[in-house]
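The file upload.csv contains CSV, C-alpha atoms:
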chain,number,residue,atom,x,y,z
A,1,MET,CA,80.3,39.7,103.2
A,2,TYR,CA,80.6,39.6,107.0
A,3,PHE,CA,84.1,38.2,106.6
A,4,LEU,CA,85.1,41.2,104.4
A,5,PHE,CA,83.6,43.7,106.9
A,6,GLY,CA,85.5,42.1,109.7
A,7,PHE,CA,88.7,42.1,107.8
A,8,PHE,CA,88.5,45.8,106.9
A,9,PHE,CA,87.5,46.6,110.5
A,10,ILE,CA,90.6,44.8,111.8
A,11,LEU,CA,92.7,46.4,109.1
A,12,ILE,CA,91.5,49.9,110.2
A,13,LEU,CA,92.2,49.1,113.8
A,14,PHE,CA,95.6,47.9,112.9
A,15,CYS,CA,96.4,51.1,110.9
A,16,ILE,CA,95.2,53.3,113.8
A,17,ALA,CA,97.3,51.4,116.3
A,18,PHE,CA,100.3,51.5,114.0
A,19,CYS,CA,100.0,55.3,113.5
A,20,HIS,CA,99.6,55.8,117.2
A,21,TRP,CA,102.7,53.7,117.9
A,22,ARG,CA,104.7,55.5,115.1
A,23,LYS,CA,103.7,58.9,116.4
A,24,ALA,CA,104.7,58.0,120.0
A,25,CYS,CA,108.1,56.7,118.8
A,26,ILE,CA,108.7,59.9,116.8
A,27,ILE,CA,107.8,62.1,119.8
A,28,LYS,CA,110.1,60.1,121.9
A,29,LYS,CA,112.9,60.5,119.3
A,30,VAL,CA,112.4,64.2,119.1
A,31,CYS,CA,112.5,64.6,122.9
A,32,SER,CA,115.7,62.5,123.1
A,33,MET,CA,117.6,64.9,120.8
A,34,THR,CA,119.5,67.7,122.2
A,35,CYS,CA,118.7,71.3,121.3
A,36,SER,CA,121.9,71.7,119.3
A,37,GLU,CA,121.2,68.5,117.4
A,38,LYS,CA,117.8,69.7,116.4
A,39,CYS,CA,119.0,73.2,115.4
A,40,HIS,CA,121.8,71.6,113.3
A,41,LEU,CA,119.4,69.3,111.5
A,42,LEU,CA,116.7,71.9,110.9
A,43,ASN,CA,119.2,74.5,109.5
A,44,GLU,CA,120.8,71.8,107.3
A,45,LEU,CA,117.3,71.1,105.9
A,46,ILE,CA,116.2,74.6,105.3
A,47,HIS,CA,119.5,76.2,104.1
A,48,PRO,CA,118.9,75.2,100.5
A,49,PHE,CA,115.6,77.1,100.6
A,50,GLY,CA,117.5,80.3,101.6
A,51,TYR,CA,116.5,80.4,105.3
A,52,GLN,CA,118.0,79.9,108.8
A,53,TYR,CA,116.3,79.3,112.1
A,54,LEU,CA,117.0,81.6,115.1
A,55,LEU,CA,116.3,79.7,118.3
A,56,LYS,CA,116.4,82.7,120.6
A,57,GLN,CA,113.4,84.3,118.9
A,58,ASP,CA,111.8,81.1,117.5
A,59,LEU,CA,111.7,82.6,114.0
A,60,PHE,CA,113.2,82.2,110.5
A,61,PHE,CA,115.3,84.7,108.6
A,62,THR,CA,116.8,84.8,105.1
A,63,THR,CA,120.4,83.9,104.5
A,64,PHE,CA,122.8,86.2,102.7
A,65,ASP,CA,123.6,83.5,100.1
A,66,ALA,CA,119.9,82.6,99.4
A,67,TRP,CA,119.3,81.4,95.9
A,68,GLN,CA,116.6,84.1,95.4
A,69,ARG,CA,119.4,86.6,94.9
A,70,LYS,CA,119.9,85.5,91.3
A,71,PHE,CA,116.4,86.5,90.2
A,72,GLY,CA,116.1,90.2,91.2
A,73,TYR,CA,112.7,91.8,91.6
A,74,ALA,CA,109.7,92.8,89.4
A,75,ASN,CA,106.3,94.1,90.2
A,76,ILE,CA,104.7,91.0,88.9
A,77,TYR,CA,105.8,89.2,92.1
A,78,ASN,CA,103.4,91.3,94.1
A,79,CYS,CA,100.5,90.8,91.7
A,80,THR,CA,100.8,87.0,91.7
A,81,ALA,CA,101.6,86.6,95.4
A,82,PRO,CA,98.0,86.0,96.6
A,83,PHE,CA,97.7,83.0,94.3
A,84,PHE,CA,100.5,81.4,96.3
A,85,HIS,CA,98.8,82.2,99.7
A,86,MET,CA,101.0,85.3,100.3
A,87,VAL,CA,98.8,88.2,101.5
A,88,PHE,CA,100.8,91.3,102.4
A,89,ASP,CA,101.1,95.1,102.4
A,90,SER,CA,103.9,96.3,100.2
A,91,GLU,CA,105.6,99.6,99.9
A,92,PRO,CA,108.0,100.1,96.9
A,93,VAL,CA,110.2,103.2,97.2
A,94,TYR,CA,112.0,104.2,94.0
A,95,PHE,CA,114.8,106.8,94.0
A,96,ASP,CA,117.5,108.0,91.7
A,97,TYR,CA,121.1,107.9,92.9
A,98,ASN,CA,124.5,107.8,91.2
A,99,GLY,CA,123.1,107.5,87.7
A,100,ARG,CA,120.8,104.6,88.4
A,101,THR,CA,117.2,104.1,89.7
A,102,TRP,CA,117.1,102.1,93.0
A,103,LEU,CA,114.3,100.3,94.6
A,104,ILE,CA,113.9,99.6,98.3
A,105,GLU,CA,110.7,97.7,99.1
A,106,PHE,CA,109.0,96.7,102.3
A,107,TRP,CA,106.5,93.9,102.9
A,108,LYS,CA,104.5,92.7,105.9
A,109,GLY,CA,101.7,90.1,106.1
A,110,GLN,CA,100.8,86.5,106.0
A,111,TYR,CA,102.9,83.9,104.0
A,112,GLY,CA,100.9,80.7,104.2
A,113,ILE,CA,101.2,79.6,107.8
A,114,ASN,CA,103.8,82.3,108.6
A,115,THR,CA,103.5,85.9,109.7
A,116,GLY,CA,106.4,87.9,108.4
A,117,ALA,CA,108.1,91.1,107.2
A,118,GLU,CA,110.7,91.8,104.5
A,119,ILE,CA,112.9,94.5,103.2
A,120,GLY,CA,114.9,94.3,100.0
A,121,ILE,CA,117.2,96.6,97.9
A,122,TYR,CA,117.5,96.4,94.2
A,123,CYS,CA,118.7,98.6,91.3
A,124,ALA,CA,118.4,99.1,87.6
A,125,ASP,CA,121.2,99.4,85.1
A,126,SER,CA,120.4,103.1,84.4
A,127,LEU,CA,117.8,105.7,85.2
A,128,VAL,CA,114.3,104.6,84.7
A,129,GLU,CA,111.3,106.9,84.0
A,130,PRO,CA,108.6,106.8,86.7
A,131,GLY,CA,106.1,105.4,84.2
A,132,GLN,CA,108.3,102.4,83.4
A,133,ARG,CA,109.3,101.4,86.9
A,134,ASN,CA,106.5,99.0,87.5
A,135,HIS,CA,107.5,97.2,84.3
A,136,THR,CA,111.2,97.0,84.9
A,137,LEU,CA,113.2,94.1,86.3
A,138,PHE,CA,115.5,95.3,89.1
A,139,HIS,CA,118.6,93.5,89.9
A,140,THR,CA,120.0,92.6,93.3
A,141,VAL,CA,122.7,95.0,94.4
A,142,SER,CA,126.4,94.2,94.6
A,143,ASP,CA,128.1,93.6,98.0
A,144,SER,CA,129.6,97.1,98.0
A,145,ASP,CA,126.2,98.7,97.9
A,146,ILE,CA,124.5,96.6,100.6
A,147,PRO,CA,123.2,98.6,103.5
A,148,VAL,CA,122.6,97.5,107.1
A,149,PHE,CA,118.9,96.6,107.6
A,150,SER,CA,117.2,96.5,110.9
A,151,MET,CA,113.5,95.6,111.6
A,152,ASN,CA,111.2,95.0,114.5
A,153,LEU,CA,107.9,93.3,113.7
A,154,LYS,CA,105.0,93.7,116.1
A,155,TYR,CA,101.5,92.2,116.1
A,156,ASN,CA,99.5,95.3,117.1
A,157,THR,CA,95.7,95.6,117.5
A,158,LYS,CA,93.5,97.7,119.8
A,159,THR,CA,93.7,95.0,122.5
A,160,THR,CA,97.0,93.3,121.8
A,161,CYS,CA,100.6,94.3,121.3
A,162,GLN,CA,102.9,91.4,120.7
A,163,ASP,CA,106.6,91.6,119.7
A,164,VAL,CA,107.0,89.0,116.9
A,165,GLY,CA,110.7,89.4,116.3
A,166,SER,CA,113.7,91.7,115.6
A,167,LEU,CA,116.8,91.4,113.5
A,168,SER,CA,119.6,93.6,112.2
A,169,MET,CA,122.4,92.8,109.7
A,170,PRO,CA,123.9,93.8,106.4
A,171,HIS,CA,121.7,92.3,103.7
A,172,TRP,CA,120.2,92.7,100.3
A,173,TRP,CA,116.9,91.0,101.3
A,174,LEU,CA,116.2,90.6,105.0
A,175,ALA,CA,113.1,88.8,106.0
A,176,ILE,CA,111.8,87.3,109.3
A,177,PHE,CA,108.9,84.8,109.6
A,178,LYS,CA,107.1,83.4,112.6
A,179,MET,CA,105.6,80.0,111.8
A,180,GLY,CA,102.1,79.1,113.0
A,181,LEU,CA,101.0,82.7,113.7
A,182,PHE,CA,98.1,84.0,111.7
A,183,SER,CA,97.8,87.8,111.0
A,184,ASN,CA,96.0,90.2,108.8
A,185,PRO,CA,98.5,92.7,107.2
A,186,ASN,CA,96.7,95.7,108.8
A,187,ASN,CA,97.4,94.2,112.3
A,188,LEU,CA,101.2,94.3,111.8
A,189,LEU,CA,103.5,97.2,112.5
A,190,VAL,CA,107.2,97.2,111.4
A,191,ASN,CA,109.9,99.6,112.6
A,192,PHE,CA,112.6,99.7,109.9
A,193,CYS,CA,116.1,101.2,110.1
A,194,ILE,CA,118.5,101.4,107.1
A,195,GLU,CA,122.1,102.4,107.4
A,196,PHE,CA,123.2,103.4,103.9
A,197,PRO,CA,126.8,103.2,102.4
A,198,SER,CA,126.7,107.0,101.9
A,199,TYR,CA,125.0,110.1,103.3
A,200,ASP,CA,123.9,111.2,99.8
A,201,MET,CA,122.2,107.8,99.2
A,202,MET,CA,120.3,108.2,102.5
A,203,LEU,CA,119.1,111.7,101.5
A,204,ALA,CA,117.9,110.4,98.1
A,205,PHE,CA,115.9,107.7,99.8
A,206,ARG,CA,114.5,110.1,102.5
A,207,ASP,CA,113.3,112.5,99.8
A,208,ALA,CA,111.6,109.6,98.0
A,209,LEU,CA,109.8,108.6,101.2
A,210,ILE,CA,108.6,112.2,101.7
A,211,GLU,CA,107.4,112.4,98.1
A,212,LYS,CA,105.5,109.1,98.6
A,213,GLY,CA,103.6,110.7,101.5
A,214,TYR,CA,105.6,110.0,104.7
A,215,ASP,CA,105.7,112.9,107.2
A,216,HIS,CA,109.1,114.4,107.5
A,217,CYS,CA,108.8,114.5,111.3
A,218,SER,CA,108.2,110.7,111.4
A,219,LEU,CA,111.5,110.1,109.7
A,220,GLN,CA,114.5,109.8,112.1
A,221,THR,CA,117.9,110.3,110.6
A,222,TYR,CA,121.4,109.9,112.2
A,223,GLY,CA,124.2,110.4,109.7
A,224,CYS,CA,123.8,107.7,107.0
A,225,ARG,CA,121.0,106.0,109.0
A,226,ILE,CA,117.2,106.5,108.7
A,227,CYS,CA,114.4,105.0,110.8
A,228,PHE,CA,110.6,105.0,110.3
A,229,SER,CA,107.5,102.9,110.9
A,230,PHE,CA,105.5,101.0,108.4
A,231,ARG,CA,101.8,100.3,109.3
A,232,SER,CA,99.6,101.6,106.4
A,233,PRO,CA,101.2,101.6,103.0
A,234,LYS,CA,101.0,104.7,100.9
A,235,SER,CA,101.1,102.6,97.7
A,236,PRO,CA,97.9,101.1,96.3
A,237,VAL,CA,97.4,97.3,96.4
A,238,PRO,CA,98.8,96.0,93.0
A,239,CYS,CA,96.3,94.6,90.6
A,240,VAL,CA,93.6,95.2,93.1
A,241,ILE,CA,90.7,94.2,90.8
A,242,LEU,CA,92.3,90.9,90.1
A,243,THR,CA,93.7,90.0,93.4
A,244,LYS,CA,91.3,91.4,96.0
A,245,PRO,CA,88.9,88.3,96.0
A,246,VAL,CA,92.0,86.0,95.8
A,247,ARG,CA,93.4,87.7,98.9
A,248,ILE,CA,90.2,87.0,100.8
A,249,ILE,CA,90.2,83.3,99.8
A,250,ALA,CA,93.9,83.0,100.4
A,251,GLN,CA,93.5,84.3,104.0
A,252,LEU,CA,90.7,81.9,104.7
A,253,GLY,CA,93.0,79.1,103.6
A,254,ASN,CA,95.9,80.5,105.6
A,255,ARG,CA,93.9,80.6,108.8
A,256,LEU,CA,92.8,77.0,108.2
A,257,LEU,CA,96.4,75.9,107.5
A,258,CYS,CA,97.7,77.6,110.7
A,259,SER,CA,95.1,75.7,112.7
A,260,LEU,CA,95.9,72.5,111.0
A,261,TYR,CA,99.6,73.0,111.6
A,262,ARG,CA,99.1,73.7,115.3
A,263,PHE,CA,96.8,70.7,115.7
A,264,VAL,CA,99.1,68.2,114.0
A,265,THR,CA,102.1,69.4,116.0
A,266,ARG,CA,100.2,69.9,119.3
A,267,ALA,CA,102.5,67.6,121.2
A,268,PHE,CA,105.1,70.5,121.1
A,269,ASP,CA,105.2,74.2,121.7
A,270,CYS,CA,108.4,75.4,120.1
A,271,THR,CA,108.7,75.7,116.3
A,272,LEU,CA,112.0,73.8,116.4
A,273,ASP,CA,110.4,70.7,117.9
A,274,ARG,CA,107.3,71.0,115.8
A,275,LEU,CA,109.2,71.0,112.5
A,276,ILE,CA,111.6,68.2,113.5
A,277,TYR,CA,108.5,66.2,114.4
A,278,LEU,CA,106.9,66.9,111.0
A,279,TYR,CA,110.1,66.0,109.2
A,280,PHE,CA,110.0,62.5,110.7
A,281,TYR,CA,106.3,62.1,110.8
A,282,LEU,CA,104.9,63.9,107.7
A,283,PRO,CA,107.7,64.9,105.4
A,284,PHE,CA,105.4,66.4,102.7
A,285,LEU,CA,103.9,68.8,105.3
A,286,PHE,CA,107.4,69.7,106.4
A,287,GLY,CA,108.2,70.8,102.9
A,288,HIS,CA,105.0,72.8,102.6
A,289,CYS,CA,105.8,74.7,105.7
A,290,LEU,CA,109.0,76.0,104.1
A,291,HIS,CA,107.2,77.8,101.3
A,292,LEU,CA,107.8,81.1,102.9
A,293,ARG,CA,108.5,83.4,100.0
A,294,ARG,CA,108.5,82.7,96.3
A,295,CYS,CA,109.6,79.1,97.0
A,296,LYS,CA,106.6,77.8,95.1
A,297,LYS,CA,108.0,79.0,91.9
A,298,ARG,CA,111.2,77.1,92.3
A,299,THR,CA,112.5,74.3,94.6
A,300,PRO,CA,116.3,74.6,95.1
A,301,LYS,CA,118.4,72.0,93.4
A,302,GLY,CA,119.4,69.0,95.4
A,303,VAL,CA,116.5,69.3,97.9
A,304,HIS,CA,114.3,66.2,98.2
A,305,LEU,CA,111.6,66.0,100.9

As structure tokens - that is how I would like this structure written.
Amino acid sequence: MYFLFGFFFILILFCIAFCHWRKACIIKKVCSMTCSEKCHLLNELIHPFGYQYLLKQDLFFTTFDAWQRKFGYANIYNCTAPFFHMVFDSEPVYFDYNGRTWLIEFWKGQYGINTGAEIGIYCADSLVEPGQRNHTLFHTVSDSDIPVFSMNLKYNTKTTCQDVGSLSMPHWWLAIFKMGLFSNPNNLLVNFCIEFPSYDMMLAFRDALIEKGYDHCSLQTYGCRICFSFRSPKSPVPCVILTKPVRIIAQLGNRLLCSLYRFVTRAFDCTLDRLIYLYFYLPFLFGHCLHLRRCKKRTPKGVHL
């Protein structure tokens, strides 16, 4: 009996010593890598998920060729999001233009251990009646219809105003994510700008915003470009009876996961170093960190973590 107790005690000490030694070796390995080496490795790992890392702002953004482009958008995504630890405010804006119904939607909130914001443009094959829009699958637009999206995400409370990140580029679905930052959706403010391919398309979208409840004076237009701020959505929370308690539980879990992520990677301050460290030390946690948006529904082919 005493022999077994002593054996297990020595085994535990050995495991602790081994983990400590392995951790120290990995920290040393990460520190020995150049910044360009780490960026290249991280972007190589996350590109199949549809994301790229931007070192200057320490955030992630969606790539133009992301695999999500093939699947379009349906309202069911918003309804099921809290079940996958995605708790956000959403604002779908439908408008008719050139014989089709278009959808531009905005999101801001918490995506697991990531604070983020999104904007996407989609269209139907024809005109869709207002009563059928929530039940219609919208397709991703063609390259010729893609606008230039710009966004500036801020963490804004009564006592704090923090600039989370900014980005601008032609895109069909532009999203930015700050890893390890926990936020409630109502604490986030996003300034959006959209430069449309045509002036008439901008007018159709502007009229849809006004019809939804946005003040005409709060909308800034310059030719084909329109800018506005998104803090409190005019649209109701989808499936509120079903998802409200799930949202609360999901946010409790998200806060805990953020704390766990920061604790495990406490040897580093930058997301780049934190993730490279996780990749070598705890690969399964590295993969979990990349579940930024709808990745839980499908893991890209050829990715093994």

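If you look at CA of Val87 in chain A and CA of Gly50 in chain A, they are 20.3 Å away from each other.
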
With a distance cut-off of 9 Å and all atoms listed in the file, select the neighbouring residues of Ile26 in chain A, excluding the residue or stretch itself and same-chain residues fewer than 3 positions from it, and output the selection as a VMD selection string. chain A and resid 21 to 23 29 to 31 277 280 to 281

One decimal, Å: what's the distance from CA of Gly180 in chain A over to CA of Ala74 in chain A, could you say?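 CA of Ala74 in chain A lies 28.3 Å from CA of Gly180 in chain A.
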
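Closest to His288 in chain A among A:Thr62, A:Ser32, A:Asn114, A:Ser166 is A:Asn114, based on all atoms listed in the file.
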
Using only C-alpha atoms, give me every residue within 7 Å of (119.9, 96.3, 106.5) in file coordinates, as a PyMOL selection string. chain A and resi 147-150+168-171+174+194-195

Determine, counting all atoms listed in the file, which protein, DNA and RNA residues have an atom within 12 Å of an atom of range 128-143 of chain A; residues of the same chain fewer than 5 positions away are not included. Present the result as a PDB file with C-alpha atoms, in the coordinates of the input.
ATOM      1  CA  PHE A  64     122.800  86.200 102.700  1.00  0.00           C
ATOM      2  CA  ASP A  65     123.600  83.500 100.100  1.00  0.00           C
ATOM      3  CA  ALA A  66     119.900  82.600  99.400  1.00  0.00           C
ATOM      4  CA  TRP A  67     119.300  81.400  95.900  1.00  0.00           C
ATOM      5  CA  GLN A  68     116.600  84.100  95.400  1.00  0.00           C
ATOM      6  CA  ARG A  69     119.400  86.600  94.900  1.00  0.00           C
ATOM      7  CA  LYS A  70     119.900  85.500  91.300  1.00  0.00           C
ATOM      8  CA  PHE A  71     116.400  86.500  90.200  1.00  0.00           C
ATOM      9  CA  GLY A  72     116.100  90.200  91.200  1.00  0.00           C
ATOM     10  CA  TYR A  73     112.700  91.800  91.600  1.00  0.00           C
ATOM     11  CA  ALA A  74     109.700  92.800  89.400  1.00  0.00           C
ATOM     12  CA  ASN A  75     106.300  94.100  90.200  1.00  0.00           C
ATOM     13  CA  ILE A  76     104.700  91.000  88.900  1.00  0.00           C
ATOM     14  CA  TYR A  77     105.800  89.200  92.100  1.00  0.00           C
ATOM     15  CA  ASN A  78     103.400  91.300  94.100  1.00  0.00           C
ATOM     16  CA  CYS A  79     100.500  90.800  91.700  1.00  0.00           C
ATOM     17  CA  PRO A  92     108.000 100.100  96.900  1.00  0.00           C
ATOM     18  CA  VAL A  93     110.200 103.200  97.200  1.00  0.00           C
ATOM     19  CA  TYR A  94     112.000 104.200  94.000  1.00  0.00           C
ATOM     20  CA  PHE A  95     114.800 106.800  94.000  1.00  0.00           C
ATOM     21  CA  ASP A  96     117.500 108.000  91.700  1.00  0.00           C
ATOM     22  CA  TYR A  97     121.100 107.900  92.900  1.00  0.00           C
ATOM     23  CA  GLY A  99     123.100 107.500  87.700  1.00  0.00           C
ATOM     24  CA  ARG A 100     120.800 104.600  88.400  1.00  0.00           C
ATOM     25  CA  THR A 101     117.200 104.100  89.700  1.00  0.00           C
ATOM     26  CA  TRP A 102     117.100 102.100  93.000  1.00  0.00           C
ATOM     27  CA  LEU A 103     114.300 100.300  94.600  1.00  0.00           C
ATOM     28  CA  ILE A 104     113.900  99.600  98.300  1.00  0.00           C
ATOM     29  CA  GLU A 105     110.700  97.700  99.100  1.00  0.00           C
ATOM     30  CA  GLY A 120     114.900  94.300 100.000  1.00  0.00           C
ATOM     31  CA  ILE A 121     117.200  96.600  97.900  1.00  0.00           C
ATOM     32  CA  TYR A 122     117.500  96.400  94.200  1.00  0.00           C
ATOM     33  CA  CYS A 123     118.700  98.600  91.300  1.00  0.00           C
ATOM     34  CA  VAL A 148     122.600  97.500 107.100  1.00  0.00           C
ATOM     35  CA  PRO A 170     123.900  93.800 106.400  1.00  0.00           C
ATOM     36  CA  HIS A 171     121.700  92.300 103.700  1.00  0.00           C
ATOM     37  CA  TRP A 172     120.200  92.700 100.300  1.00  0.00           C
ATOM     38  CA  TRP A 173     116.900  91.000 101.300  1.00  0.00           C
ATOM     39  CA  PRO A 197     126.800 103.200 102.400  1.00  0.00           C
ATOM     40  CA  PRO A 238      98.800  96.000  93.000  1.00  0.00           C
ATOM     41  CA  CYS A 239      96.300  94.600  90.600  1.00  0.00           C
TER      42      CYS A 239
END

d(CA of Leu41 in chain A, CA of Leu290 in chain A) in Å: 14.4 Å

Nearest residue to Tyr111 in chain A out of A:Asp215, A:Asp58, A:Asp89, A:Asp125, using only C-alpha atoms? A:Asp89

Fewer than 6 positions away in the same chain doesn't count, so skip those; otherwise give me all residues within 12 Å of Gly213 in chain A, counting all atoms listed in the file, as a PyMOL selection string. chain A and resi 91+93+206-207+219+232-235

May I ask which of the residues A:Cys161, A:Val237, A:Leu282, A:Leu272 is the closest one to Ser36 in chain A, counting all atoms listed in the file?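 The shortest atom-to-atom distance to Ser36 in chain A comes from A:Leu272.
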
Considering all atoms listed in the file, return as a PyMOL selection string whatever protein or nucleic-acid residues lie within 12 Å of His216 in chain A, sequence-local ones (same chain, fewer than 4 positions apart) excluded. chain A and resi 203+206-212+220-221+226-228

Would you mind completing range 160-177 of chain A to N, CA, C and O atoms and writing the output as a JSON list (two decimals), in the frame of the given file?
[["chain", "number", "residue", "atom", "x", "y", "z"],
["A", 160, "THR", "N", 95.83, 94.08, 121.66],
["A", 160, "THR", "CA", 97.00, 93.30, 121.80],
["A", 160, "THR", "C", 98.23, 93.95, 121.16],
["A", 160, "THR", "O", 98.13, 94.56, 120.10],
["A", 161, "CYS", "N", 99.37, 93.87, 121.83],
["A", 161, "CYS", "CA", 100.60, 94.30, 121.30],
["A", 161, "CYS", "C", 101.68, 93.26, 121.55],
["A", 161, "CYS", "O", 102.14, 93.12, 122.68],
["A", 162, "GLN", "N", 102.03, 92.48, 120.53],
["A", 162, "GLN", "CA", 102.90, 91.40, 120.70],
["A", 162, "GLN", "C", 104.17, 91.57, 119.84],
["A", 162, "GLN", "O", 104.09, 91.87, 118.65],
["A", 163, "ASP", "N", 105.34, 91.43, 120.45],
["A", 163, "ASP", "CA", 106.60, 91.60, 119.70],
["A", 163, "ASP", "C", 106.89, 90.24, 119.01],
["A", 163, "ASP", "O", 107.15, 89.22, 119.64],
["A", 164, "VAL", "N", 106.82, 90.23, 117.68],
["A", 164, "VAL", "CA", 107.00, 89.00, 116.90],
["A", 164, "VAL", "C", 108.48, 88.69, 116.74],
["A", 164, "VAL", "O", 108.89, 87.53, 116.88],
["A", 165, "GLY", "N", 109.30, 89.68, 116.42],
["A", 165, "GLY", "CA", 110.70, 89.40, 116.30],
["A", 165, "GLY", "C", 111.48, 90.64, 115.79],
["A", 165, "GLY", "O", 110.91, 91.59, 115.24],
["A", 166, "SER", "N", 112.79, 90.63, 116.02],
["A", 166, "SER", "CA", 113.70, 91.70, 115.60],
["A", 166, "SER", "C", 114.96, 91.15, 115.06],
["A", 166, "SER", "O", 115.43, 90.10, 115.49],
["A", 167, "LEU", "N", 115.55, 91.88, 114.09],
["A", 167, "LEU", "CA", 116.80, 91.40, 113.50],
["A", 167, "LEU", "C", 117.52, 92.60, 112.86],
["A", 167, "LEU", "O", 116.87, 93.55, 112.38],
["A", 168, "SER", "N", 118.84, 92.54, 112.83],
["A", 168, "SER", "CA", 119.60, 93.60, 112.20],
["A", 168, "SER", "C", 120.91, 92.99, 111.65],
["A", 168, "SER", "O", 121.62, 92.26, 112.35],
["A", 169, "MET", "N", 121.20, 93.28, 110.38],
["A", 169, "MET", "CA", 122.40, 92.80, 109.70],
["A", 169, "MET", "C", 122.56, 93.40, 108.34],
["A", 169, "MET", "O", 121.56, 93.86, 107.76],
["A", 170, "PRO", "N", 123.77, 93.43, 107.79],
["A", 170, "PRO", "CA", 123.90, 93.80, 106.40],
["A", 170, "PRO", "C", 123.26, 92.79, 105.50],
["A", 170, "PRO", "O", 123.48, 91.59, 105.66],
["A", 171, "HIS", "N", 122.45, 93.26, 104.57],
["A", 171, "HIS", "CA", 121.70, 92.30, 103.70],
["A", 171, "HIS", "C", 121.18, 92.99, 102.49],
["A", 171, "HIS", "O", 121.02, 94.22, 102.45],
["A", 172, "TRP", "N", 120.88, 92.17, 101.48],
["A", 172, "TRP", "CA", 120.20, 92.70, 100.30],
["A", 172, "TRP", "C", 118.70, 92.37, 100.36],
["A", 172, "TRP", "O", 117.91, 93.04, 99.71],
["A", 173, "TRP", "N", 118.31, 91.35, 101.12],
["A", 173, "TRP", "CA", 116.90, 91.00, 101.30],
["A", 173, "TRP", "C", 116.75, 90.36, 102.69],
["A", 173, "TRP", "O", 117.05, 89.18, 102.84],
["A", 174, "LEU", "N", 116.36, 91.15, 103.66],
["A", 174, "LEU", "CA", 116.20, 90.60, 105.00],
["A", 174, "LEU", "C", 114.74, 90.38, 105.30],
["A", 174, "LEU", "O", 113.89, 91.27, 105.12],
["A", 175, "ALA", "N", 114.43, 89.16, 105.71],
["A", 175, "ALA", "CA", 113.10, 88.80, 106.00],
["A", 175, "ALA", "C", 113.02, 87.95, 107.27],
["A", 175, "ALA", "O", 113.94, 87.16, 107.52],
["A", 176, "ILE", "N", 111.98, 88.13, 108.07],
["A", 176, "ILE", "CA", 111.80, 87.30, 109.30],
["A", 176, "ILE", "C", 110.37, 86.71, 109.19],
["A", 176, "ILE", "O", 109.43, 87.37, 108.73],
["A", 177, "PHE", "N", 110.22, 85.47, 109.65],
["A", 177, "PHE", "CA", 108.90, 84.80, 109.60],
["A", 177, "PHE", "C", 108.69, 84.04, 110.92],
["A", 177, "PHE", "O", 109.58, 83.36, 111.43]]
